[in-house]
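Chemist: Let me give you the structure first, and then I'll get to my questions.
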Amino acid sequence: MANSKKKWPVIAGIVFIVGFIAAMMLSTSTEAKYHCEICIAFNGATVCRNGAASTKQEAQRIATESACSDLGAGGFSNCRNTNPVSLKWK
């Protein structure tokens, strides 16, 4: 009986690792269709960030929000409404 108690953590660990790998494979299996790089100038600084998603609008939104979050939290909503300096689709 002492031997079966020692096997339980090993079995639980293996199940966890297999489940984790399966979840990662499923979440990354849907490849983004659209990829872009956006550069935004705001408050005297310019930042370029990438975005990827299944739609053009979503990819652009992701890149814009990433750039604006790096430009400072004070004007995040104003930054999101700023026209990009450049937008390149990959």
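Residue numbers start at 1 in each chain; chains themselves are named A, B, ... in the order of the structure tokens; ligands are numbered from 1 in the order shown.
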Apply DSSP to the backbone of this structure and, from range 7-88 of chain A, keep only the residues in strand (DSSP E); write these as a ChimeraX atom specification.
Modeler: /A:34-42,45-53,86-88
Chemist: What is the CA of Thr82 in chain A to CA of Lys33 in chain A distance in Å?
Modeler: 24.9 Å
Chemist: I need the residue nearest Ser77 in chain A from this list: A:Ala45, A:Gly19, A:Ala53, A:Thr64. Use only C-alpha atoms for the distance.
Modeler: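 Looking at the shortest contact to Ser77 in chain A, the residue is A:Thr64.
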Chemist: Measuring atom to atom with only C-alpha atoms, identify which of A:Ile21, A:Ile11, A:Leu71, A:Cys79 is nearest to Val47 in chain A.
Modeler: A:Leu71
Chemist: In terms of the shortest atom-to-atom distance over only C-alpha atoms, which of A:Phe42, A:Ile17, A:Cys36, A:Pro84 is closest to Ala63 in chain A?
Modeler: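 Of A:Phe42, A:Ile17, A:Cys36, A:Pro84, the one nearest Ala63 in chain A, counting only C-alpha atoms, is A:Cys36.
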